[in-house]
file query34.cif (mmCIF, C-alpha atoms and all ligand atoms)
data_start
loop_
_atom_site.label_atom_id
_atom_site.label_comp_id
_atom_site.auth_asym_id
_atom_site.auth_seq_id
_atom_site.Cartn_x
_atom_site.Cartn_y
_atom_site.Cartn_z
CA MET A 1 -65.85 159.47 351.32
CA ASP A 2 -63.49 157.98 348.81
CA VAL A 3 -61.88 155.22 350.81
CA ARG A 4 -59.26 154.63 348.14
CA SER A 5 -57.90 158.15 348.46
CA SER A 6 -57.93 157.75 352.23
CA PHE A 7 -55.96 154.57 351.83
CA SER A 8 -53.15 156.20 349.88
CA ARG A 9 -53.01 159.10 352.32
CA ARG A 10 -52.87 156.62 355.16
CA GLY A 11 -49.92 155.04 353.43
CA PHE A 12 -48.27 158.42 353.29
CA VAL A 13 -48.59 159.10 356.99
CA GLY A 14 -48.56 155.47 358.02
CA GLY A 15 -44.94 154.63 358.78
CA VAL A 16 -43.32 155.17 362.13
CA ALA A 17 -40.49 157.12 360.49
CA THR A 18 -42.99 159.50 358.94
CA ALA A 19 -44.76 159.77 362.26
CA LEU A 20 -41.51 160.66 363.97
CA GLY A 21 -41.01 163.36 361.37
CA TYR A 22 -44.38 164.90 362.19
CA LEU A 23 -43.56 165.17 365.83
CA THR A 24 -41.05 167.86 365.14
CA LEU A 25 -43.54 169.80 363.10
CA ARG A 26 -46.92 170.43 364.59
CA PRO A 27 -49.66 169.35 366.97
CA PRO A 28 -52.19 166.81 365.65
CA LEU A 29 -54.97 169.27 364.88
CA GLU A 30 -52.81 171.15 362.40
CA LEU A 31 -52.52 167.98 360.36
CA SER A 32 -56.21 168.43 359.70
CA ALA A 33 -55.68 171.99 358.54
CA ARG A 34 -53.11 170.74 356.04
CA GLY A 35 -55.71 168.38 354.59
CA LEU A 36 -53.96 165.22 355.69
CA VAL A 37 -56.93 163.89 357.65
CA MET A 38 -60.59 163.36 356.96
CA PRO A 39 -62.47 163.91 360.17
CA THR A 40 -65.74 162.56 358.81
CA LEU A 41 -65.90 159.30 356.91
CA ALA A 42 -69.58 158.73 356.19
CA PRO A 43 -71.09 157.77 353.84
CA TRP A 44 -69.46 154.37 353.79
CA SER A 45 -68.57 152.66 350.57
CA GLY A 46 -70.31 149.40 351.46
CA ASP A 47 -67.04 147.51 351.10
CA PRO A 48 -66.28 146.08 354.57
CA LEU A 49 -62.53 145.77 353.95
CA ALA A 50 -62.25 149.35 352.75
CA GLU A 51 -64.34 150.48 355.73
CA TYR A 52 -62.04 148.66 358.11
CA ASP A 53 -59.06 150.41 356.55
CA ALA A 54 -60.78 153.77 356.69
CA TYR A 55 -61.49 153.79 360.43
CA ALA A 56 -59.09 155.43 362.84
CA LYS A 57 -58.60 152.37 365.03
CA LEU A 58 -58.10 153.62 368.59
CA SER A 59 -59.93 150.81 370.35
CA PHE A 60 -57.59 147.88 370.98
CA ASN A 61 -54.27 149.40 372.09
CA GLU A 62 -52.45 148.06 369.05
CA ASN A 63 -49.27 149.35 367.46
CA PRO A 64 -50.69 151.22 364.43
CA TYR A 65 -47.43 151.04 362.49
CA GLY A 66 -47.29 147.25 362.31
CA PRO A 67 -44.25 145.01 362.33
CA SER A 68 -40.88 146.60 361.56
CA ALA A 69 -39.01 145.99 358.31
CA SER A 70 -36.68 143.42 359.88
CA VAL A 71 -39.63 141.53 361.38
CA MET A 72 -41.46 141.57 358.04
CA LYS A 73 -38.34 140.23 356.34
CA ALA A 74 -37.96 137.40 358.86
CA MET A 75 -41.64 136.50 358.52
CA THR A 76 -41.51 136.62 354.73
CA ASN A 77 -38.51 134.29 354.71
CA ALA A 78 -40.38 131.91 357.04
CA PHE A 79 -43.23 131.39 354.59
CA LYS A 80 -41.21 128.55 353.10
CA TYR A 81 -42.05 126.57 356.25
CA GLY A 82 -45.77 127.11 355.79
CA ASN A 83 -46.28 123.56 354.52
CA ARG A 84 -44.22 121.83 357.27
CA TYR A 85 -44.73 120.51 360.80
CA ASN A 86 -41.25 120.07 362.18
CA TYR A 87 -39.78 123.23 360.76
CA PRO A 88 -36.88 125.26 362.22
CA ASP A 89 -38.59 127.91 364.38
CA GLY A 90 -35.72 130.32 364.98
CA ALA A 91 -35.34 128.82 368.47
CA ILE A 92 -37.87 131.34 369.71
CA ALA A 93 -38.20 129.78 373.18
CA ASP A 94 -34.40 129.75 373.66
CA GLU A 95 -34.21 133.32 372.40
CA LEU A 96 -36.83 134.39 374.93
CA ALA A 97 -35.02 132.56 377.72
CA LYS A 98 -31.79 134.33 376.75
CA HIS A 99 -33.61 137.66 376.51
CA HIS A 100 -34.86 137.33 380.09
CA GLY A 101 -31.81 135.56 381.51
CA VAL A 102 -33.84 132.51 382.60
CA PRO A 103 -33.55 128.80 381.80
CA ARG A 104 -35.49 127.52 378.77
CA ASP A 105 -37.95 125.61 380.95
CA ASN A 106 -39.10 128.86 382.53
CA ILE A 107 -40.74 129.82 379.22
CA LEU A 108 -44.12 128.78 377.84
CA LEU A 109 -45.26 130.04 374.44
CA GLY A 110 -48.86 130.99 373.67
CA ALA A 111 -50.86 132.03 370.62
CA GLY A 112 -50.92 135.57 372.02
CA SER A 113 -50.68 136.26 375.73
CA SER A 114 -54.44 135.66 375.80
CA GLU A 115 -53.66 131.97 375.53
CA ILE A 116 -51.26 132.27 378.48
CA LEU A 117 -53.98 133.99 380.55
CA ASP A 118 -56.42 131.19 379.68
CA VAL A 119 -53.85 128.53 380.48
CA VAL A 120 -53.23 130.09 383.89
CA GLY A 121 -56.99 130.03 384.47
CA ARG A 122 -57.38 126.40 383.43
CA THR A 123 -54.36 125.35 385.50
CA PHE A 124 -54.91 127.19 388.75
CA LEU A 125 -58.69 127.59 388.99
CA GLU A 126 -59.37 123.86 388.89
CA GLY A 127 -61.32 122.60 391.89
CA ASP A 128 -63.57 125.62 392.48
CA ARG A 129 -60.85 128.16 393.05
CA LYS A 130 -61.16 131.92 392.69
CA VAL A 131 -59.16 134.60 390.93
CA ILE A 132 -58.59 137.87 392.77
CA GLY A 133 -58.04 141.11 390.87
CA VAL A 134 -59.20 144.67 390.45
CA GLU A 135 -62.03 145.96 388.33
CA PRO A 136 -61.74 147.33 385.75
CA SER A 137 -58.79 145.40 384.44
CA PHE A 138 -58.14 143.16 381.43
CA SER A 139 -61.49 141.44 381.63
CA ALA A 140 -60.61 138.42 379.47
CA VAL A 141 -59.07 136.90 382.61
CA TYR A 142 -62.34 137.20 384.51
CA GLU A 143 -64.46 136.18 381.52
CA HIS A 144 -62.41 133.04 381.09
CA ALA A 145 -62.75 132.27 384.81
CA THR A 146 -66.51 132.73 384.60
CA GLY A 147 -66.56 130.56 381.47
CA ILE A 148 -64.98 127.67 383.35
CA LYS A 149 -67.36 128.30 386.27
CA ALA A 150 -64.74 129.70 388.61
CA ASP A 151 -65.41 132.64 390.91
CA VAL A 152 -63.91 136.10 390.50
CA LEU A 153 -63.24 138.31 393.52
CA ARG A 154 -63.31 141.79 391.97
CA LEU A 155 -61.82 144.57 394.05
CA PRO A 156 -62.49 148.25 393.35
CA LEU A 157 -59.69 150.56 392.28
CA LEU A 158 -58.46 153.24 394.67
CA GLY A 159 -59.74 156.82 394.28
CA ASP A 160 -56.78 157.69 392.05
CA TYR A 161 -57.47 154.61 389.88
CA ARG A 162 -54.45 152.68 391.15
CA GLN A 163 -54.77 149.03 392.14
CA ASP A 164 -55.53 148.40 395.80
CA ILE A 165 -52.65 146.19 396.89
CA ALA A 166 -53.69 146.18 400.55
CA ALA A 167 -57.16 144.91 399.57
CA MET A 168 -55.60 142.20 397.38
CA ILE A 169 -53.44 141.07 400.27
CA SER A 170 -56.31 140.91 402.68
CA ALA A 171 -58.59 139.12 400.14
CA ALA A 172 -55.87 136.55 399.43
CA ASN A 173 -55.33 135.90 403.12
CA ARG A 174 -59.04 135.72 403.92
CA ASN A 175 -59.66 133.28 401.07
CA HIS A 176 -56.35 131.46 401.20
CA ARG A 177 -57.66 127.92 400.64
CA ASP A 178 -59.94 128.99 397.78
CA VAL A 179 -57.62 131.28 395.83
CA GLY A 180 -56.36 129.92 392.52
CA PHE A 181 -54.29 132.98 391.66
CA VAL A 182 -54.07 136.75 391.98
CA TYR A 183 -54.15 138.78 388.76
CA VAL A 184 -52.18 142.02 388.46
CA CYS A 185 -52.21 143.84 385.14
CA ASN A 186 -49.19 146.15 385.12
CA PRO A 187 -49.67 148.73 383.69
CA ASN A 188 -53.37 148.17 384.08
CA ASN A 189 -55.63 148.06 381.07
CA PRO A 190 -57.82 150.20 380.83
CA THR A 191 -56.43 152.88 383.19
CA GLY A 192 -52.75 152.84 382.18
CA ARG A 193 -51.71 153.17 385.82
CA ILE A 194 -48.77 151.14 387.10
CA VAL A 195 -48.23 149.06 390.20
CA THR A 196 -44.84 150.12 391.54
CA SER A 197 -42.07 147.62 392.14
CA ALA A 198 -42.38 148.37 395.89
CA GLU A 199 -46.09 147.49 395.74
CA ILE A 200 -45.39 144.24 393.88
CA ARG A 201 -42.95 143.29 396.62
CA GLN A 202 -45.51 144.27 399.28
CA LEU A 203 -48.07 142.03 397.55
CA LEU A 204 -45.76 139.05 397.22
CA ASP A 205 -44.60 139.38 400.82
CA GLY A 206 -48.14 139.90 402.11
CA ILE A 207 -50.03 136.98 400.57
CA PRO A 208 -49.65 133.28 401.46
CA GLY A 209 -46.43 131.98 399.87
CA ASP A 210 -48.18 129.30 397.83
CA VAL A 211 -50.63 131.58 395.99
CA PRO A 212 -49.55 132.15 392.38
CA VAL A 213 -49.56 135.73 391.10
CA LEU A 214 -50.12 136.34 387.39
CA ILE A 215 -48.50 139.63 386.40
CA ASP A 216 -49.62 140.74 382.96
CA GLU A 217 -46.92 142.95 381.45
CA ALA A 218 -48.52 143.41 378.02
CA TYR A 219 -47.67 147.14 378.07
CA HIS A 220 -44.27 146.85 379.76
CA HIS A 221 -42.39 148.43 376.86
CA PHE A 222 -44.25 151.73 377.09
CA VAL A 223 -43.53 152.47 380.76
CA ASP A 224 -41.23 155.36 381.68
CA ASP A 225 -41.96 155.73 385.41
CA PRO A 226 -38.82 154.63 387.31
CA ALA A 227 -41.02 153.35 390.16
CA TYR A 228 -42.06 150.49 387.83
CA SER A 229 -39.97 147.48 386.97
CA THR A 230 -40.64 144.11 385.43
CA SER A 231 -41.36 141.32 387.89
CA VAL A 232 -39.34 138.73 385.92
CA PRO A 233 -36.55 138.68 388.55
CA TYR A 234 -39.02 137.14 391.05
CA VAL A 235 -39.17 134.08 388.81
CA LEU A 236 -35.45 133.53 389.33
CA ASP A 237 -36.03 133.93 393.08
CA GLY A 238 -38.44 130.98 392.84
CA ARG A 239 -41.47 133.03 393.85
CA PRO A 240 -44.82 131.77 392.52
CA VAL A 241 -44.96 134.55 389.94
CA ILE A 242 -45.98 134.10 386.31
CA ILE A 243 -45.27 136.96 383.93
CA ALA A 244 -47.36 137.24 380.76
CA ARG A 245 -45.83 139.11 377.82
CA THR A 246 -46.99 139.70 374.26
CA PHE A 247 -45.68 140.59 370.82
CA SER A 248 -49.05 142.20 370.04
CA LYS A 249 -48.31 145.67 371.36
CA ILE A 250 -44.85 147.20 370.95
CA ALA A 251 -43.87 144.66 368.25
CA GLY A 252 -47.04 145.23 366.20
CA LEU A 253 -47.92 141.55 365.78
CA ALA A 254 -51.45 141.40 367.25
CA GLY A 255 -52.88 139.70 364.20
CA MET A 256 -50.11 137.09 364.15
CA ARG A 257 -50.66 135.80 367.74
CA LEU A 258 -47.55 135.34 369.84
CA GLY A 259 -47.18 135.71 373.57
CA TYR A 260 -45.45 133.82 376.35
CA ALA A 261 -45.17 133.22 380.05
CA VAL A 262 -42.06 133.45 382.19
CA GLY A 263 -42.47 131.49 385.39
CA PRO A 264 -40.76 129.11 387.77
CA ARG A 265 -40.35 125.66 386.28
CA TYR A 266 -42.74 123.95 388.73
CA LEU A 267 -45.59 126.26 387.69
CA ILE A 268 -44.76 126.24 383.96
CA GLU A 269 -44.77 122.42 384.05
CA ARG A 270 -48.29 122.47 385.49
CA MET A 271 -49.40 124.92 382.81
CA ARG A 272 -47.76 123.24 379.80
CA PRO A 273 -50.36 120.47 379.29
CA HIS A 274 -53.08 123.12 378.98
CA ALA A 275 -51.34 125.03 376.15
CA THR A 276 -52.41 124.25 372.59
CA GLY A 277 -49.06 124.85 370.91
CA SER A 278 -50.97 126.39 368.01
CA ILE A 279 -48.47 129.08 367.10
CA ASN A 280 -47.61 129.50 363.44
CA ALA A 281 -44.17 129.22 361.87
CA ILE A 282 -44.24 132.76 360.52
CA VAL A 283 -44.73 134.58 363.81
CA LYS A 284 -42.11 132.53 365.61
CA TRP A 285 -39.52 133.95 363.23
CA GLY A 286 -41.13 137.36 363.53
CA GLY A 287 -40.81 137.14 367.31
CA VAL A 288 -37.11 136.32 367.13
CA ALA A 289 -36.51 139.28 364.81
CA ALA A 290 -38.62 141.56 367.04
CA LEU A 291 -36.52 140.70 370.10
CA ARG A 292 -33.47 141.96 368.20
CA ASP A 293 -35.07 145.05 366.69
CA THR A 294 -34.91 147.29 369.73
CA ALA A 295 -34.36 150.39 367.56
CA SER A 296 -37.75 150.08 365.86
CA GLN A 297 -39.43 149.51 369.19
CA ALA A 298 -37.76 152.58 370.64
CA ALA A 299 -39.08 154.61 367.70
CA VAL A 300 -42.61 153.29 368.23
CA LYS A 301 -42.36 154.15 371.91
CA THR A 302 -41.07 157.67 371.22
CA VAL A 303 -43.79 158.56 368.75
CA THR A 304 -46.51 156.95 370.85
CA MET A 305 -45.51 158.70 374.06
CA GLU A 306 -45.20 162.03 372.30
CA LEU A 307 -48.65 161.71 370.73
CA ARG A 308 -50.08 160.65 374.07
CA ALA A 309 -48.60 163.71 375.75
CA ARG A 310 -49.94 166.03 373.05
CA THR A 311 -53.42 164.55 373.07
CA VAL A 312 -53.63 164.51 376.86
CA SER A 313 -52.48 168.10 377.12
CA GLU A 314 -54.96 169.15 374.46
CA LEU A 315 -57.81 167.46 376.39
CA ALA A 316 -56.61 169.02 379.64
CA GLY A 317 -56.63 172.40 377.88
CA LEU A 318 -60.26 171.77 376.99
CA GLY A 319 -61.04 171.12 380.66
CA PHE A 320 -61.15 167.31 380.67
CA SER A 321 -59.20 165.32 383.20
CA VAL A 322 -57.14 162.38 382.05
CA ILE A 323 -55.84 159.53 384.21
CA PRO A 324 -52.02 159.54 384.12
CA SER A 325 -51.08 156.65 381.86
CA GLU A 326 -47.86 154.72 381.35
CA ALA A 327 -49.19 152.80 378.36
CA ASN A 328 -50.14 153.32 374.71
CA PHE A 329 -53.65 154.41 375.70
CA PHE A 330 -55.28 156.68 378.25
CA MET A 331 -58.64 157.28 379.88
CA VAL A 332 -60.38 160.62 379.85
CA ASP A 333 -63.25 161.56 382.16
CA ILE A 334 -65.98 162.70 379.77
CA ARG A 335 -68.50 163.42 382.57
CA ARG A 336 -71.32 161.73 380.67
CA PRO A 337 -72.29 158.14 379.84
CA VAL A 338 -69.64 156.72 377.56
CA GLN A 339 -71.61 154.39 375.25
CA PRO A 340 -73.40 157.15 373.27
CA VAL A 341 -70.07 158.95 372.89
CA ILE A 342 -68.42 155.77 371.58
CA ASP A 343 -71.27 155.54 369.06
CA GLU A 344 -70.76 159.17 368.01
CA PHE A 345 -67.07 158.59 367.46
CA LYS A 346 -67.85 155.55 365.31
CA LYS A 347 -70.18 157.62 363.13
CA LYS A 348 -67.26 159.96 362.59
CA GLY A 349 -64.99 157.10 361.58
CA VAL A 350 -63.08 156.83 364.85
CA LEU A 351 -63.16 153.59 366.85
CA VAL A 352 -62.50 154.13 370.56
CA GLY A 353 -62.47 151.74 373.53
CA ARG A 354 -65.59 150.02 374.85
CA PRO A 355 -67.13 150.90 378.24
CA PHE A 356 -65.22 149.61 381.27
CA PRO A 357 -67.73 149.31 384.09
CA PRO A 358 -67.89 150.68 386.70
CA MET A 359 -66.00 153.57 385.00
CA ASN A 360 -68.96 154.35 382.81
CA LYS A 361 -68.07 158.00 382.24
CA HIS A 362 -64.50 157.37 381.18
CA LEU A 363 -63.44 156.90 377.58
CA ARG A 364 -60.38 154.78 376.74
CA VAL A 365 -58.42 156.01 373.75
CA SER A 366 -55.54 154.07 372.19
CA ILE A 367 -52.70 156.06 370.69
CA GLY A 368 -52.76 155.75 366.92
CA THR A 369 -50.78 157.45 364.17
CA PRO A 370 -50.51 161.28 364.04
CA SER A 371 -53.25 161.26 361.43
CA GLU A 372 -55.53 159.07 363.53
CA MET A 373 -54.96 161.26 366.60
CA ALA A 374 -55.80 164.33 364.56
CA ARG A 375 -59.06 162.69 363.53
CA PHE A 376 -59.73 161.88 367.18
CA SER A 377 -59.14 165.52 368.14
CA VAL A 378 -61.46 166.83 365.48
CA ALA A 379 -64.18 164.30 366.36
CA PHE A 380 -63.80 165.06 370.08
CA ARG A 381 -64.31 168.77 369.52
CA GLU A 382 -67.35 168.09 367.37
CA ILE A 383 -68.95 165.65 369.80
CA PHE A 384 -68.37 167.92 372.77
CA ALA A 385 -69.35 171.04 370.79
CA ILE A 386 -66.07 172.79 371.43
CA ARG A 387 -65.42 175.76 369.19
CA GLY A 388 -62.11 177.19 368.12
N1 LIG A 401 -53.18 141.50 378.41
C1 LIG A 401 -53.60 142.76 378.31
C2 LIG A 401 -53.49 143.64 379.49
C3 LIG A 401 -54.13 143.25 377.11
O1 LIG A 401 -54.56 144.50 377.05
C4 LIG A 401 -54.21 142.37 376.00
C5 LIG A 401 -54.77 142.83 374.72
O2 LIG A 401 -55.30 143.89 374.57
C6 LIG A 401 -53.76 141.07 376.17
C7 LIG A 401 -53.25 140.67 377.38
C8 LIG A 401 -53.87 140.07 375.09
O3 LIG A 401 -52.99 140.30 374.07
P1 LIG A 401 -52.56 139.18 373.05
O4 LIG A 401 -53.44 137.98 373.25
O5 LIG A 401 -52.75 139.77 371.72
O6 LIG A 401 -51.14 138.87 373.37
#
call {"tool": "encode", "arguments": {"input": "query34.cif", "output": "structure tokens"}}
result
Amino acid sequence: MDVRSSFSRRGFVGGVATALGYLTLRPPLELSARGLVMPTLAPWSGDPLAEYDAYAKLSFNENPYGPSASVMKAMTNAFKYGNRYNYPDGAIADELAKHHGVPRDNILLGAGSSEILDVVGRTFLEGDRKVIGVEPSFSAVYEHATGIKADVLRLPLLGDYRQDIAAMISAANRNHRDVGFVYVCNPNNPTGRIVTSAEIRQLLDGIPGDVPVLIDEAYHHFVDDPAYSTSVPYVLDGRPVIIARTFSKIAGLAGMRLGYAVGPRYLIERMRPHATGSINAIVKWGGVAALRDTASQAAVKTVTMELRARTVSELAGLGFSVIPSEANFFMVDIRRPVQPVIDEFKKKGVLVGRPFPPMNKHLRVSIGTPSEMARFSVAFREIFAIRG
């Protein structure tokens, strides 16, 4: 494959505006017929950077379009602070506080929300405490807990892949003295299923009042289901709720590392000493611009949801069942062990999600650009020997 030609074609179909244009035209597979995609990429060029560019990257639930023009402009302007310590930072923390309608001391910044999740672990798992959460979920939380020698109480999902709130409540009550915090990923990664606002209330009302609940809203911006709502208002009620948010997903800033927590002051103050403060000048300005650029985020959401719907309906048409998702990824039941299928996709130049035990026959697919989704469709049909 000539990676250079792929690169220029990727540029052509890369922007969110172009992607929006495609939505009105045709389903992803027809992009292939028009020669806009290259379903097979091997042999590789041997240049690792070109190879990285050439993959359809459907493995980490990123925004494939990247930061919007206004965010790029703000970040470019901020390069002049690259050599400073005490630079103006766009008042990112105040902007976030304003955005959520909370006081400034309810906000803690992190180098990605991963840092926030680690900080919650370091703060609340001290003294041999456990984290309670479902499996599979965003496993970094459990890996961090294990890394600091804390216990993880992993609860199975319900039959429809939703989180088992009743089991969380009973585990938190049974282990009250030993629980450091409860983790709820909403929507859950990797299933894409939500916890409804009624269930969040049920959880908060059902567990001991002093047990912190970490609600990870990394995919908040993609949710349409009216039964979902953010849990930020509980912070203002003084409940022991910490919300984790990120600029890595809808805002397209995964490589720049910016996330934050919204929580009651007494919990944020306990967490603050554990945060590194290692957030760069550039992304702070990018974050401020992203908060204002709701139009670009709406466009990313529209194109992503539309491509998800098309891909899911195509898979359903081929006889595969897909877990209903409210995020920029979905899981499909492939009825066979997932690791060899992941390997097959990689050979065809498509990176898909890793295995998520115990769901070892489900494949997680992030929503990429129209071109990337077309490559996924072609590869899927080849791997599963589907003709026509
Ligand atoms: N939380 C969830 C549920 C995620 O899926 C991810 C990344 O995939 C993160 C947190 C971490 O994101 P970041 O550290 O880039 O903010």
call {"tool": "residues_near_ligand", "arguments": {"input": "query34.cif", "ligand": "ligand LIG 401 (chain A)", "cutoff": "8 Å", "atoms": "all atoms listed in the file", "output": "ChimeraX atom specification"}}
result
/A:60-62,111-115,117,137-138,140,185-190,216-219,244-249,253-255,257-259
call {"tool": "atom_distance", "arguments": {"input": "query34.cif", "atom1": "atom CA of His100 of chain A", "atom2": "atom CA of Pro233 of chain A"}}
result
8.7 Å
call {"tool": "residues_around", "arguments": {"input": "query34.cif", "residues": "segment 349-358 of chain A", "least_positions_apart": "5", "cutoff": "7 Å", "atoms": "all atoms listed in the file", "output": "PDB file with C-alpha atoms, in the frame of the given file"}}
result
ATOM      1  CA  THR A  40     -65.740 162.560 358.810  1.00  0.00           C
ATOM      2  CA  LEU A  41     -65.900 159.300 356.910  1.00  0.00           C
ATOM      3  CA  TYR A  55     -61.490 153.790 360.430  1.00  0.00           C
ATOM      4  CA  ALA A  56     -59.090 155.430 362.840  1.00  0.00           C
ATOM      5  CA  LYS A  57     -58.600 152.370 365.030  1.00  0.00           C
ATOM      6  CA  LEU A  58     -58.100 153.620 368.590  1.00  0.00           C
ATOM      7  CA  SER A  59     -59.930 150.810 370.350  1.00  0.00           C
ATOM      8  CA  PHE A  60     -57.590 147.880 370.980  1.00  0.00           C
ATOM      9  CA  PRO A 136     -61.740 147.330 385.750  1.00  0.00           C
ATOM     10  CA  VAL A 338     -69.640 156.720 377.560  1.00  0.00           C
ATOM     11  CA  GLN A 339     -71.610 154.390 375.250  1.00  0.00           C
ATOM     12  CA  ILE A 342     -68.420 155.770 371.580  1.00  0.00           C
ATOM     13  CA  LEU A 363     -63.440 156.900 377.580  1.00  0.00           C
ATOM     14  CA  ARG A 364     -60.380 154.780 376.740  1.00  0.00           C
ATOM     15  CA  VAL A 365     -58.420 156.010 373.750  1.00  0.00           C
ATOM     16  CA  PHE A 376     -59.730 161.880 367.180  1.00  0.00           C
TER      17      PHE A 376
END
call {"tool": "atom_distance", "arguments": {"input": "query34.cif", "atom1": "atom CA of Val152 of chain A", "atom2": "atom CA of Lys130 of chain A"}}
result
5.5 Å
call {"tool": "closest_residue", "arguments": {"input": "query34.cif", "among": "A:Val179, A:Leu307, A:Val131, A:Met256", "to": "Lys284 of chain A", "atoms": "only C-alpha atoms"}}
result
A:Met256
call {"tool": "residues_around", "arguments": {"input": "query34.cif", "residues": "segment 67-73 of chain A", "least_positions_apart": "5", "cutoff": "8 Å", "atoms": "all atoms listed in the file", "output": "VMD selection string"}}
result
chain A and resid 251 to 253 285 to 287 289 to 290 293 296
call {"tool": "closest_residue", "arguments": {"input": "query34.cif", "among": "A:Arg239, A:Lys80, A:Lys346, A:Lys98", "to": "Leu203 of chain A", "atoms": "all atoms listed in the file"}}
result
A:Arg239
call {"tool": "residues_around", "arguments": {"input": "query34.cif", "residues": "Arg162 of chain A", "least_positions_apart": "4", "cutoff": "8 Å", "atoms": "only C-alpha atoms", "output": "list of chain:residue names"}}
result
A:Leu157, A:Leu158, A:Arg193, A:Ile194, A:Val195
call {"tool": "closest_residue", "arguments": {"input": "query34.cif", "among": "A:Val232, A:Leu125, A:Ala54, A:Ile148", "to": "Gly180 of chain A", "atoms": "only C-alpha atoms"}}
result
A:Leu125
call {"tool": "closest_residue", "arguments": {"input": "query34.cif", "among": "A:Ile243, A:Leu267, A:Val283, A:Val134", "to": "Asp105 of chain A", "atoms": "all atoms listed in the file"}}
result
A:Leu267
call {"tool": "closest_residue", "arguments": {"input": "query34.cif", "among": "A:Ala316, A:Ile107, A:Ile334, A:Ile165", "to": "Tyr266 of chain A", "atoms": "all atoms listed in the file"}}
result
A:Ile107
call {"tool": "residues_around", "arguments": {"input": "query34.cif", "residues": "Ile116 of chain A", "least_positions_apart": "4", "cutoff": "7 Å", "atoms": "all atoms listed in the file", "output": "list in words"}}
result
Gly110, Val120, Ala244, Tyr260 and Ala261 of chain A
call {"tool": "atom_distance", "arguments": {"input": "query34.cif", "atom1": "atom CA of Ile92 of chain A", "atom2": "atom CA of Ile215 of chain A"}}
result
21.5 Å
